[in-house]
Structure formats: structure tokens, C-alpha cells
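Asker: So I've got this file, run25.tsv, and it contains TSV, C-alpha atoms:
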```
chain	number	residue	atom	x	y	z
A	26	MET	CA	-26.90	-23.30	-27.38
A	27	LYS	CA	-23.18	-22.61	-27.30
A	28	ARG	CA	-22.50	-19.07	-26.24
A	29	SER	CA	-19.49	-17.09	-27.45
A	30	GLU	CA	-16.49	-16.49	-25.25
A	31	ALA	CA	-17.10	-12.74	-25.41
A	32	PHE	CA	-20.63	-13.24	-24.08
A	33	LEU	CA	-19.49	-15.44	-21.21
A	34	ARG	CA	-16.48	-13.29	-20.20
A	35	ASN	CA	-18.62	-10.18	-19.84
A	36	ARG	CA	-21.53	-11.70	-17.98
A	37	ASP	CA	-22.11	-12.76	-14.41
A	38	ILE	CA	-24.36	-15.73	-15.07
A	39	PRO	CA	-26.12	-17.61	-12.25
A	40	TRP	CA	-26.71	-21.33	-12.73
A	41	ALA	CA	-27.73	-24.28	-10.63
A	42	VAL	CA	-27.56	-28.07	-10.53
A	43	ARG	CA	-28.77	-30.77	-8.19
A	44	MET	CA	-26.00	-32.91	-6.67
A	45	GLY	CA	-27.48	-35.91	-4.88
A	46	ASP	CA	-29.82	-34.45	-2.27
A	47	TYR	CA	-28.16	-31.03	-2.38
A	48	TYR	CA	-28.83	-27.99	-4.52
A	49	ILE	CA	-25.88	-26.04	-5.84
A	50	TYR	CA	-26.04	-22.42	-6.99
A	51	VAL	CA	-23.08	-20.85	-8.76
A	52	SER	CA	-22.31	-17.33	-9.97
A	53	SER	CA	-20.09	-17.57	-13.03
A	54	ALA	CA	-18.19	-14.24	-12.74
A	55	GLY	CA	-17.16	-14.40	-16.39
A	56	ASP	CA	-16.31	-18.10	-16.41
A	57	ASN	CA	-17.53	-20.75	-18.83
A	58	LEU	CA	-20.66	-22.76	-18.08
A	59	PRO	CA	-20.91	-26.55	-17.84
A	60	GLU	CA	-22.23	-28.04	-21.06
A	61	ILE	CA	-25.35	-29.48	-19.47
A	62	VAL	CA	-26.16	-26.11	-17.90
A	63	GLU	CA	-25.57	-24.11	-21.06
A	64	SER	CA	-28.08	-26.19	-22.96
A	65	GLN	CA	-30.78	-25.59	-20.31
A	66	LEU	CA	-29.91	-22.13	-19.06
A	67	PHE	CA	-33.28	-20.44	-19.53
A	68	ALA	CA	-35.11	-23.40	-18.01
A	69	ILE	CA	-32.81	-23.20	-14.99
A	70	TRP	CA	-33.50	-19.48	-14.63
A	71	ARG	CA	-37.26	-20.01	-14.83
A	72	LYS	CA	-36.98	-22.61	-12.09
A	73	ILE	CA	-34.79	-20.42	-9.85
A	74	LYS	CA	-37.20	-17.50	-10.17
A	75	LYS	CA	-40.10	-19.56	-8.84
A	76	LEU	CA	-38.39	-20.77	-5.68
A	77	LYS	CA	-39.68	-19.53	-2.34
A	78	VAL	CA	-37.74	-18.51	0.73
A	79	ILE	CA	-37.51	-21.36	3.24
A	80	TYR	CA	-35.11	-20.09	5.90
A	81	LYS	CA	-34.69	-16.84	7.78
A	82	ARG	CA	-31.62	-14.70	7.25
A	83	GLU	CA	-30.34	-15.55	10.75
A	84	GLU	CA	-30.38	-19.26	10.01
A	85	ILE	CA	-28.03	-19.05	7.03
A	86	ASN	CA	-24.44	-20.16	7.48
A	87	LEU	CA	-21.55	-18.25	5.91
A	88	ASN	CA	-18.06	-19.36	4.96
A	89	GLU	CA	-16.50	-16.99	7.48
A	90	LYS	CA	-12.96	-18.24	6.85
A	91	TYR	CA	-13.06	-17.27	3.17
A	92	LEU	CA	-15.00	-14.04	3.75
A	93	ASN	CA	-12.60	-12.86	6.44
A	94	SER	CA	-9.59	-13.47	4.21
A	95	LYS	CA	-11.34	-11.71	1.34
A	96	PHE	CA	-12.38	-8.59	3.23
A	97	ASN	CA	-9.40	-8.09	5.45
A	98	ALA	CA	-6.70	-8.14	2.78
A	99	ASN	CA	-5.63	-5.34	0.43
A	100	LEU	CA	-8.58	-3.00	0.73
A	101	ASN	CA	-8.42	0.28	-1.11
A	102	GLU	CA	-9.25	3.41	0.84
A	103	ASN	CA	-12.84	3.66	-0.40
A	104	HIS	CA	-13.71	0.15	0.66
A	105	GLU	CA	-11.94	0.34	4.01
A	106	ASP	CA	-14.37	2.94	5.32
A	107	ASN	CA	-17.39	0.85	4.40
A	108	LEU	CA	-16.23	-2.69	5.07
A	109	ALA	CA	-19.55	-3.86	6.49
A	110	PHE	CA	-21.43	-2.34	3.55
A	111	PHE	CA	-19.31	-4.06	0.92
A	112	LYS	CA	-19.36	-7.38	2.74
A	113	GLU	CA	-23.16	-7.22	2.92
A	114	TRP	CA	-23.30	-6.37	-0.77
A	115	TYR	CA	-21.01	-9.27	-1.62
A	116	ILE	CA	-22.98	-11.92	0.19
A	117	HIS	CA	-26.53	-10.71	-0.50
A	118	SER	CA	-27.26	-12.76	-3.63
A	119	PHE	CA	-25.68	-15.90	-2.18
A	120	VAL	CA	-27.60	-15.53	1.06
A	121	ALA	CA	-30.79	-15.04	-0.96
A	122	MET	CA	-30.20	-18.39	-2.67
A	123	ALA	CA	-29.14	-20.11	0.56
A	124	ARG	CA	-32.49	-19.00	2.03
A	125	ARG	CA	-34.08	-20.98	-0.80
A	126	GLY	CA	-32.12	-24.11	0.09
A	127	PHE	CA	-29.04	-23.79	-2.14
A	128	TYR	CA	-25.37	-24.18	-1.38
A	129	ALA	CA	-24.18	-20.95	-3.05
A	130	PHE	CA	-20.74	-20.76	-4.67
A	131	ASP	CA	-18.82	-17.91	-6.24
A	132	ARG	CA	-15.79	-17.84	-8.50
A	133	ASP	CA	-12.66	-16.22	-7.08
A	134	ILE	CA	-12.10	-13.34	-9.52
A	135	ASN	CA	-8.39	-13.30	-8.68
A	136	THR	CA	-7.92	-16.68	-10.36
A	137	PRO	CA	-7.48	-16.82	-14.15
A	138	ILE	CA	-10.36	-18.28	-16.15
A	139	LYS	CA	-8.52	-21.45	-17.15
A	140	ASP	CA	-7.67	-22.19	-13.50
A	141	SER	CA	-10.90	-20.98	-11.90
A	142	ILE	CA	-11.44	-21.71	-8.25
A	143	TYR	CA	-14.85	-21.54	-6.61
A	144	HIS	CA	-15.67	-20.96	-2.96
A	145	LEU	CA	-18.72	-21.73	-0.90
A	146	ILE	CA	-20.21	-18.46	0.33
A	147	ALA	CA	-23.52	-19.30	2.02
A	148	TYR	CA	-25.48	-22.46	2.80
A	149	PRO	CA	-28.67	-23.46	4.57
A	150	PRO	CA	-28.78	-24.91	8.09
A	151	GLN	CA	-30.06	-28.25	6.78
A	152	VAL	CA	-30.80	-30.00	3.53
A	153	PRO	CA	-34.28	-29.02	2.35
A	154	LYS	CA	-36.69	-31.55	0.87
A	155	ILE	CA	-37.23	-30.38	-2.68
A	156	THR	CA	-38.93	-32.69	-5.12
A	157	ASN	CA	-39.99	-32.67	-8.75
A	158	ASP	CA	-37.38	-30.22	-9.91
A	159	ILE	CA	-35.93	-30.03	-13.38
A	160	LEU	CA	-32.42	-28.95	-12.52
A	161	PRO	CA	-29.57	-30.95	-14.11
A	162	TYR	CA	-28.75	-33.81	-11.76
A	163	ILE	CA	-25.45	-35.33	-10.62
A	164	GLN	CA	-25.79	-38.70	-8.95
A	165	THR	CA	-23.38	-38.76	-6.02
A	166	ASP	CA	-23.30	-39.35	-2.27
A	167	ASN	CA	-20.79	-36.54	-1.76
A	168	THR	CA	-21.72	-33.34	0.02
A	169	PRO	CA	-21.25	-29.94	-1.66
A	170	MET	CA	-18.23	-29.33	0.56
A	171	ILE	CA	-16.12	-31.32	-1.88
A	172	LEU	CA	-16.66	-28.51	-4.40
A	173	GLU	CA	-14.98	-25.91	-2.16
A	174	GLY	CA	-11.75	-24.73	-3.76
A	175	THR	CA	-12.32	-26.64	-7.00
A	176	ASN	CA	-13.20	-25.71	-10.56
A	177	ILE	CA	-16.91	-26.52	-10.33
A	178	VAL	CA	-17.42	-26.19	-14.09
A	179	SER	CA	-14.87	-28.95	-14.74
A	180	VAL	CA	-16.37	-31.13	-12.01
A	181	VAL	CA	-19.89	-30.86	-13.45
A	182	ASN	CA	-18.59	-31.48	-16.98
A	183	GLN	CA	-16.75	-34.60	-15.78
A	184	TYR	CA	-19.88	-36.00	-14.18
A	185	PHE	CA	-21.90	-35.63	-17.37
A	186	LEU	CA	-19.35	-36.41	-20.06
A	187	PRO	CA	-19.24	-40.21	-19.64
A	188	LEU	CA	-22.99	-40.41	-20.28
A	189	GLY	CA	-23.03	-38.32	-23.43
A	190	ARG	CA	-24.57	-34.99	-24.32
A	191	ASN	CA	-27.98	-33.58	-23.44
A	192	LEU	CA	-28.68	-36.15	-20.80
A	193	LYS	CA	-31.03	-35.02	-18.09
A	194	ARG	CA	-31.73	-37.31	-15.20
A	195	GLU	CA	-34.64	-37.40	-12.81
B	23	MET	CA	-13.30	18.38	-12.65
B	24	HIS	CA	-14.14	15.39	-10.49
B	25	THR	CA	-12.17	13.54	-7.89
B	26	LYS	CA	-11.51	9.82	-7.99
B	27	LYS	CA	-13.70	9.38	-4.93
B	28	GLU	CA	-16.64	11.05	-6.69
B	29	LEU	CA	-16.19	8.80	-9.69
B	30	ASP	CA	-16.07	5.74	-7.46
B	31	SER	CA	-19.25	6.81	-5.68
B	32	VAL	CA	-21.05	7.18	-8.99
B	33	THR	CA	-19.90	3.72	-10.05
B	34	ILE	CA	-21.17	2.28	-6.79
B	35	GLU	CA	-24.59	3.82	-7.36
B	36	TYR	CA	-24.63	2.65	-10.96
B	37	ALA	CA	-23.65	-0.88	-9.95
B	38	MET	CA	-26.43	-0.91	-7.36
B	39	SER	CA	-28.96	0.15	-9.95
B	40	VAL	CA	-27.80	-2.71	-12.19
B	41	MET	CA	-27.88	-5.12	-9.26
B	42	ASP	CA	-31.69	-5.11	-9.24
B	43	ASP	CA	-31.66	-8.70	-8.17
B	44	ASP	CA	-34.45	-10.76	-9.69
B	45	VAL	CA	-33.90	-13.42	-7.08
B	46	LEU	CA	-35.00	-11.16	-4.27
B	47	SER	CA	-38.67	-10.39	-3.80
B	48	LYS	CA	-39.62	-6.72	-4.05
B	49	GLU	CA	-39.88	-6.41	-0.27
B	50	GLU	CA	-36.49	-8.02	0.31
B	51	PHE	CA	-34.85	-5.82	-2.30
B	52	LYS	CA	-36.29	-2.66	-0.76
B	53	ARG	CA	-34.96	-3.70	2.64
B	54	VAL	CA	-31.50	-4.42	1.21
B	55	LYS	CA	-31.42	-1.09	-0.63
B	56	SER	CA	-32.52	0.88	2.42
B	57	ARG	CA	-29.74	-0.78	4.43
B	58	TYR	CA	-27.21	0.43	1.87
B	59	ARG	CA	-28.54	4.00	1.91
B	60	LYS	CA	-27.52	4.57	5.51
B	61	TYR	CA	-23.91	4.53	4.32
B	62	ASN	CA	-23.17	8.01	3.09
B	63	ILE	CA	-22.71	7.43	-0.60
B	64	SER	CA	-24.14	10.05	-2.89
B	65	SER	CA	-23.68	11.14	-6.46
B	66	THR	CA	-22.72	14.74	-7.11
B	67	THR	CA	-23.43	14.82	-10.83
B	68	ARG	CA	-25.94	13.59	-13.33
B	69	LEU	CA	-25.78	9.85	-13.84
B	70	SER	CA	-26.00	8.67	-17.40
B	71	ALA	CA	-26.81	5.15	-16.31
B	72	ALA	CA	-28.69	2.82	-18.60
B	73	LYS	CA	-30.37	-0.37	-17.53
B	74	ILE	CA	-28.81	-3.30	-19.26
B	75	ASN	CA	-30.68	-6.09	-20.87
B	76	THR	CA	-30.27	-8.71	-18.21
B	77	GLN	CA	-31.60	-11.60	-20.28
B	78	GLY	CA	-33.11	-13.24	-17.27
B	79	LEU	CA	-30.88	-13.22	-14.23
B	80	SER	CA	-27.50	-12.59	-15.79
B	81	LYS	CA	-25.92	-9.19	-15.32
B	82	ALA	CA	-22.96	-7.38	-16.74
B	83	PHE	CA	-19.78	-8.62	-15.14
B	84	VAL	CA	-18.17	-5.18	-14.78
B	85	VAL	CA	-19.31	-1.55	-14.63
B	86	ALA	CA	-17.13	1.56	-14.60
B	87	SER	CA	-17.38	5.34	-14.79
B	88	CYS	CA	-15.32	7.94	-16.58
B	89	SER	CA	-14.88	11.67	-16.63
B	90	SER	CA	-12.28	14.11	-17.95
B	91	ASN	CA	-10.53	17.30	-16.88
B	92	SER	CA	-12.66	19.34	-19.24
B	93	THR	CA	-16.14	17.93	-18.75
B	94	ASN	CA	-18.59	18.27	-15.87
B	95	THR	CA	-20.39	15.04	-16.55
B	96	ILE	CA	-19.61	11.55	-15.33
B	97	PHE	CA	-20.50	8.71	-17.67
B	98	SER	CA	-21.09	5.12	-16.63
B	99	ASP	CA	-21.22	1.96	-18.70
B	100	PHE	CA	-20.88	-1.80	-18.49
B	101	SER	CA	-18.78	-4.52	-20.08
B	102	GLY	CA	-19.89	-6.41	-23.14
B	103	ARG	CA	-19.95	-5.87	-26.82
B	104	LYS	CA	-22.56	-3.60	-28.26
B	105	GLU	CA	-23.04	-4.32	-31.90
B	106	ARG	CA	-21.32	-1.61	-33.88
B	107	GLN	CA	-21.49	-1.46	-37.62
B	108	ILE	CA	-19.44	1.10	-39.44
B	109	VAL	CA	-20.74	3.51	-42.06
B	110	LEU	CA	-18.40	6.43	-42.62
B	111	LYS	CA	-19.99	9.80	-43.33
B	112	ASP	CA	-18.72	13.36	-43.79
B	113	PHE	CA	-19.95	15.99	-41.38
B	114	PRO	CA	-19.72	19.76	-41.67
B	115	THR	CA	-18.41	20.48	-38.18
B	116	ARG	CA	-15.08	19.31	-36.75
B	117	LYS	CA	-16.82	17.83	-33.76
B	118	GLU	CA	-19.09	15.68	-35.90
B	119	SER	CA	-16.24	14.45	-38.02
B	120	PHE	CA	-14.81	12.56	-35.05
B	121	LYS	CA	-17.71	10.19	-35.05
B	122	ILE	CA	-18.34	7.23	-37.25
B	123	TRP	CA	-22.07	7.09	-37.70
B	124	TYR	CA	-23.93	3.88	-37.91
B	125	ARG	CA	-27.16	3.08	-39.63
B	126	MET	CA	-30.06	4.92	-38.11
B	127	ASP	CA	-31.67	1.71	-36.90
B	128	SER	CA	-30.19	2.58	-33.52
B	129	LYS	CA	-26.97	0.58	-33.52
B	130	PRO	CA	-24.54	2.29	-31.11
B	131	TYR	CA	-21.60	4.07	-32.68
B	132	GLN	CA	-17.87	4.02	-32.14
B	133	HIS	CA	-15.54	6.99	-31.63
B	134	ILE	CA	-13.06	6.91	-34.50
B	135	LEU	CA	-9.94	7.94	-32.59
B	136	LEU	CA	-10.56	5.32	-29.93
B	137	PHE	CA	-11.33	2.78	-32.63
B	138	LYS	CA	-8.03	3.52	-34.37
B	139	LEU	CA	-6.11	3.37	-31.10
B	140	ILE	CA	-7.62	0.00	-30.23
B	141	ASN	CA	-6.69	-1.34	-33.66
B	142	LYS	CA	-3.17	0.06	-33.40
B	143	LEU	CA	-2.28	-0.99	-29.86
B	144	LEU	CA	-4.34	-4.13	-29.34
B	145	GLY	CA	-5.69	-5.47	-32.60
B	146	LYS	CA	-9.02	-6.20	-34.18
B	147	ILE	CA	-12.03	-5.77	-31.93
B	148	GLY	CA	-13.41	-9.14	-30.91
B	149	THR	CA	-10.09	-10.99	-31.13
B	150	LYS	CA	-7.70	-11.88	-28.31
B	151	ILE	CA	-4.02	-11.03	-27.94
B	152	ASN	CA	-3.39	-14.14	-25.88
B	153	GLU	CA	-5.22	-16.62	-23.66
B	154	THR	CA	-4.81	-14.49	-20.56
B	155	ASN	CA	-6.23	-11.21	-21.90
B	156	PRO	CA	-9.97	-10.77	-22.42
B	157	PRO	CA	-11.43	-10.21	-25.91
B	158	ILE	CA	-10.52	-6.78	-27.31
B	159	GLY	CA	-13.11	-4.01	-27.14
B	160	TYR	CA	-15.48	-5.53	-24.57
B	161	CYS	CA	-14.24	-3.95	-21.37
B	162	ALA	CA	-16.37	-1.56	-19.32
B	163	GLU	CA	-13.50	0.95	-19.31
B	164	GLN	CA	-13.32	0.99	-23.12
B	165	ASN	CA	-17.09	1.22	-23.44
B	166	VAL	CA	-17.41	4.09	-21.00
B	167	ALA	CA	-14.51	5.98	-22.57
B	168	ASN	CA	-16.17	5.55	-25.96
B	169	ARG	CA	-19.41	6.86	-24.50
B	170	LEU	CA	-17.77	9.92	-22.97
B	171	LEU	CA	-15.82	10.75	-26.11
B	172	LEU	CA	-18.97	10.62	-28.20
B	173	ASP	CA	-21.51	12.19	-25.87
B	174	SER	CA	-19.62	14.87	-23.99
B	175	ASP	CA	-19.75	18.48	-25.15
B	176	GLU	CA	-15.98	18.69	-25.32
B	177	ASN	CA	-13.86	17.48	-28.23
B	178	ILE	CA	-11.39	15.31	-26.38
B	179	VAL	CA	-8.43	14.03	-28.37
B	180	ASP	CA	-5.93	13.47	-25.57
B	181	PHE	CA	-6.96	10.26	-23.83
B	182	SER	CA	-4.62	10.89	-20.92
B	183	GLU	CA	-7.22	13.45	-19.78
B	184	LEU	CA	-9.70	10.67	-19.04
B	185	MET	CA	-10.23	9.69	-15.42
B	186	PHE	CA	-11.64	6.29	-14.55
B	187	SER	CA	-13.35	5.02	-11.47
B	188	VAL	CA	-12.75	1.61	-10.00
B	189	ALA	CA	-14.36	-1.18	-11.99
B	190	LEU	CA	-17.03	-2.96	-9.97
B	191	ARG	CA	-18.87	-6.24	-10.28
B	192	PRO	CA	-22.55	-5.28	-9.77
B	193	ASN	CA	-23.62	-8.62	-8.33
B	194	THR	CA	-21.15	-8.50	-5.45
B	195	GLY	CA	-19.58	-5.03	-5.32
B	196	GLU	CA	-16.09	-6.49	-5.79
B	197	MET	CA	-13.41	-4.36	-7.36
B	198	ILE	CA	-12.20	-5.84	-10.64
B	199	PRO	CA	-8.55	-5.12	-11.47
B	200	TYR	CA	-7.93	-3.32	-14.75
B	201	CYS	CA	-6.96	-5.80	-17.46
B	202	GLU	CA	-3.81	-5.57	-19.58
B	203	ASN	CA	-5.81	-4.42	-22.61
B	204	CYS	CA	-7.13	-1.36	-20.77
B	205	LYS	CA	-3.76	-0.58	-19.22
B	206	THR	CA	-2.23	-0.63	-22.70
B	207	LEU	CA	-4.91	1.67	-24.09
B	208	PHE	CA	-5.01	4.10	-21.18
B	209	ASN	CA	-1.64	4.75	-19.57
B	210	GLN	CA	-3.22	6.38	-16.54
B	211	LEU	CA	-4.58	2.98	-15.48
B	212	LYS	CA	-1.11	1.47	-15.17
B	213	ASP	CA	-0.38	3.45	-12.01
B	214	GLU	CA	-3.71	2.77	-10.33
B	215	LYS	CA	-3.55	0.50	-7.31
B	216	ILE	CA	-6.55	-1.77	-6.92
```
Hey, can you dump this file as C-alpha cells for me?
Answerer:
Amino acid sequence: MKRSEAFLRNRDIPWAVRMGDYYIYVSSAGDNLPEIVESQLFAIWRKIKKLKVIYKREEINLNEKYLNSKFNANLNENHEDNLAFFKEWYIHSFVAMARRGFYAFDRDINTPIKDSIYHLIAYPPQVPKITNDILPYIQTDNTPMILEGTNIVSVVNQYFLPLGRNLKRE
Amino acid sequence: MHTKKELDSVTIEYAMSVMDDDVLSKEEFKRVKSRYRKYNISSTTRLSAAKINTQGLSKAFVVASCSSNSTNTIFSDFSGRKERQIVLKDFPTRKESFKIWYRMDSKPYQHILLFKLINKLLGKIGTKINETNPPIGYCAEQNVANRLLLDSDENIVDFSELMFSVALRPNTGEMIPYCENCKTLFNQLKDEKI
């Protein structure tokens, strides 16, 4: 179901795909969704809700380079006093998904929609063995690190376009 | 009259109430919330926060709060278009005549002066001025201003009286810069440094 631009721009929509042996979680921050995700959005949400925590909080890796640049630059006076609080708030949903085995990405809100850039925020210590899932699948040997600093929506669309619409792989 | 810091604190609390992350288990969420409470953030006025329809896991992208020089209440609202259908009615009091009432099947209503200003300065609600600007009439700032103008006890006609908090993204707590549409509508936002 194609959603309107107004709906997408005003929503922070989480979505997920499987890329080879890795699981990718993305927070849209007002951006468009890949076509294959948009057609299966509720199914993806139902799947995400059922996932259990695999790793402890201490085991989760963070993209410290990006987080440091984000939280050390141009803070307004309210945020400066509570830096640790706002950093914890920022990462909490991505850490929650990383604890479930996902590589969690977020869109950089300072980039315009048409040139969106996504950054890896949190990821698990190792690749979990998850089987029998119904997430949209991208067949590749690449690791999720290739998605860092790219427009993930365009990448996912490119992977699925050559095979036609509504194709879901096992 | 409220300070900017008070408005920002209210927006933070409102954003945290929207955050209500479905991905976290109840125990995890309680632990996260209790960690946030140790930071001294408190609301000094009544919150008029409403839970949004999250439609699964998605949340509103932006939330903001608004107050004015002449009202004691802080209002909070979120981005997105609430369906507004227009039925114009006459009302006996001057205060009532500033509202366009909608059908009584609970569609939210639109403040007429704000509606006219949006049409005059930006264009038709739902359209876009250009590719860079967001769709007109969907911003959290416009929604919360509309809410304050309709629901406050004061008859506010001078929009320069309105004070806005920072706009926050509930999922992450990030500050969202004011867009060009909102800066055009509300001059006081042009000078704000985010």
C-alpha cells in the first residue's frame, strides 16, 4: 500500500530487512520507505514485536565516532546540561534492536530527504543465528557496514527492482 | 507567562510519554524511564498531552509545545495531519466566532485566523511550496498553535505573542530545526537558534 508523502514525512517509521546473514533495522525519521518494505510494513512490525532479547546491554557495540560528533557539536543550552541523558535517549531504541540481533541504522535529520544519509548506531557483538523469518531478503555477501553513510532506501530499492515488484525471497 | 526553558521541559516530558517504545518489554521500559527521572526535569503546568495513534510501532516524527504571554497553560501536540473538514457556523459570542466548527462526529477543528494566515503566506494546506519544504499544515508547531488558539481561555489574535518550545523527535530526543514554513508563519521562530 503506497502511503502519502504527508504520512511519511510526519512519521518516524521503523522497518527491517534481512541482508545475507545480517538483520538490518532502520528508523525512517520522515524518509520514504523501500517499496518492498512498504508493501509488507505491518507484517514486519508483527515480526519485530515478537523478537526476544539475545544480548546484554553491555555487549552491544555503538558507533562512537558518529555519536561523539553528533553530541559534541552545536548543543543548545538545555541539552548541554544533560548530555548523558540525551545521548541515552537517542540510542535507546537502536540498542534495544541491537540486543535482538539487528544492525540498527538511523537517518541523519540534518540531511534533506532527497539526499538522505543513514548511520549505523548500534550493532550486536556477533551475527545471531535467526531462521525462518519473513523479513524481506537481500541476497548479498556484503556486511551491513557498506550501508554506513549511504541512502539505505535507495540501496534496498536497487536490490529489489531488477527482480520486479512484490518479490519476497526465502 | 512561561519561560522558554519551562516550555522545553514540558516538550521533553511529552516526547517521553509518546516514546512508549513497543520494542522494549515493560520491565526494560520502566528501567529506562526511571533512569531518565534522576535528571531534574519537571513540568510546572498542566500538560495537555494526548497519546497518538501509533499504528503499530511508528510514532510522530516531531512534537512541540506552545504558550502565550496571556495564558497560563502550555499546550503540546505532534506533527501530522488531523482530518479537518470545514463547516462554517455563526456563533453568538465573539470568542466562538473565531472558530470554524466541524461536524460533530469528532473531527478536529481549525482556528480560522490561523487557517487564513496559512492560506495567505504558504498556500493550500496539504500542498508543497517546493521540494525542500514539508507539506503545508502538517508541522507540530502549526498544530500546537492551532490547539492553543482554539482551547485557551484567551482570545489571541496576535500570533507574535505565541512562544514555542524546541521541536523534539520522540524516538530519539533530537532537536528538529524549525522548517521554512513555520518560520514564515511565525516570525518569532526566525530568530531562534537550534
Asker: With 9 Å as the limit and counting all atoms listed in the file, what residues in chain A lie close to chain B? Please list them as a PDB file with C-alpha atoms, keeping the file's coordinate frame.
Answerer:
```
ATOM      1  CA  GLU A  30     -16.490 -16.490 -25.250  1.00  0.00           C
ATOM      2  CA  ALA A  31     -17.100 -12.740 -25.410  1.00  0.00           C
ATOM      3  CA  PHE A  32     -20.630 -13.240 -24.080  1.00  0.00           C
ATOM      4  CA  ARG A  34     -16.480 -13.290 -20.200  1.00  0.00           C
ATOM      5  CA  ASN A  35     -18.620 -10.180 -19.840  1.00  0.00           C
ATOM      6  CA  ARG A  36     -21.530 -11.700 -17.980  1.00  0.00           C
ATOM      7  CA  ASP A  37     -22.110 -12.760 -14.410  1.00  0.00           C
ATOM      8  CA  ILE A  38     -24.360 -15.730 -15.070  1.00  0.00           C
ATOM      9  CA  PRO A  39     -26.120 -17.610 -12.250  1.00  0.00           C
ATOM     10  CA  SER A  52     -22.310 -17.330  -9.970  1.00  0.00           C
ATOM     11  CA  ALA A  54     -18.190 -14.240 -12.740  1.00  0.00           C
ATOM     12  CA  GLY A  55     -17.160 -14.400 -16.390  1.00  0.00           C
ATOM     13  CA  PHE A  67     -33.280 -20.440 -19.530  1.00  0.00           C
ATOM     14  CA  TRP A  70     -33.500 -19.480 -14.630  1.00  0.00           C
ATOM     15  CA  ARG A  71     -37.260 -20.010 -14.830  1.00  0.00           C
ATOM     16  CA  ILE A  73     -34.790 -20.420  -9.850  1.00  0.00           C
ATOM     17  CA  LYS A  74     -37.200 -17.500 -10.170  1.00  0.00           C
ATOM     18  CA  LYS A  75     -40.100 -19.560  -8.840  1.00  0.00           C
ATOM     19  CA  LEU A  76     -38.390 -20.770  -5.680  1.00  0.00           C
ATOM     20  CA  ASN A  99      -5.630  -5.340   0.430  1.00  0.00           C
ATOM     21  CA  LEU A 100      -8.580  -3.000   0.730  1.00  0.00           C
ATOM     22  CA  ASN A 101      -8.420   0.280  -1.110  1.00  0.00           C
ATOM     23  CA  ASN A 103     -12.840   3.660  -0.400  1.00  0.00           C
ATOM     24  CA  ASN A 107     -17.390   0.850   4.400  1.00  0.00           C
ATOM     25  CA  PHE A 110     -21.430  -2.340   3.550  1.00  0.00           C
ATOM     26  CA  PHE A 111     -19.310  -4.060   0.920  1.00  0.00           C
ATOM     27  CA  LYS A 112     -19.360  -7.380   2.740  1.00  0.00           C
ATOM     28  CA  GLU A 113     -23.160  -7.220   2.920  1.00  0.00           C
ATOM     29  CA  TRP A 114     -23.300  -6.370  -0.770  1.00  0.00           C
ATOM     30  CA  TYR A 115     -21.010  -9.270  -1.620  1.00  0.00           C
ATOM     31  CA  ILE A 116     -22.980 -11.920   0.190  1.00  0.00           C
ATOM     32  CA  HIS A 117     -26.530 -10.710  -0.500  1.00  0.00           C
ATOM     33  CA  SER A 118     -27.260 -12.760  -3.630  1.00  0.00           C
ATOM     34  CA  ALA A 121     -30.790 -15.040  -0.960  1.00  0.00           C
ATOM     35  CA  MET A 122     -30.200 -18.390  -2.670  1.00  0.00           C
ATOM     36  CA  ILE A 134     -12.100 -13.340  -9.520  1.00  0.00           C
ATOM     37  CA  ASN A 135      -8.390 -13.300  -8.680  1.00  0.00           C
ATOM     38  CA  PRO A 137      -7.480 -16.820 -14.150  1.00  0.00           C
ATOM     39  CA  ILE A 138     -10.360 -18.280 -16.150  1.00  0.00           C
ATOM     40  CA  LYS A 139      -8.520 -21.450 -17.150  1.00  0.00           C
TER      41      LYS A 139
END
```
Asker: Neighbours of range 81-95 of chain A within 10 Å (only C-alpha atoms; same-chain residues fewer than 5 positions away dropped), as a count of residues only?
Answerer: 23
Asker: Measure the distance from CA of Gln65 in chain A to CA of Lys154 in chain A in Å and round it to one decimal.
Answerer: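 Separation of CA of Gln65 in chain A and CA of Lys154 in chain A: 22.8 Å.
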Asker: Counting all atoms listed in the file, what is within 9 Å of range 163-171 of chain B, bar same-chain residues fewer than 4 positions away, as a ChimeraX atom specification?
Answerer: /B:84-90,95-104,131-133,136-137,159,175-179,181,184,186-187,189,200,204,207
Asker: Between CA of Ser182 in chain B and CA of Glu28 in chain B, what is the distance in Å, rounded to a tenth?
Answerer: 18.6 Å
Asker: Could you check how far CA of Ser53 in chain A sits from CA of Gln183 in chain A, in Å to one decimal?
Answerer: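 Result for CA of Ser53 in chain A versus CA of Gln183 in chain A: 17.6 Å, one decimal.
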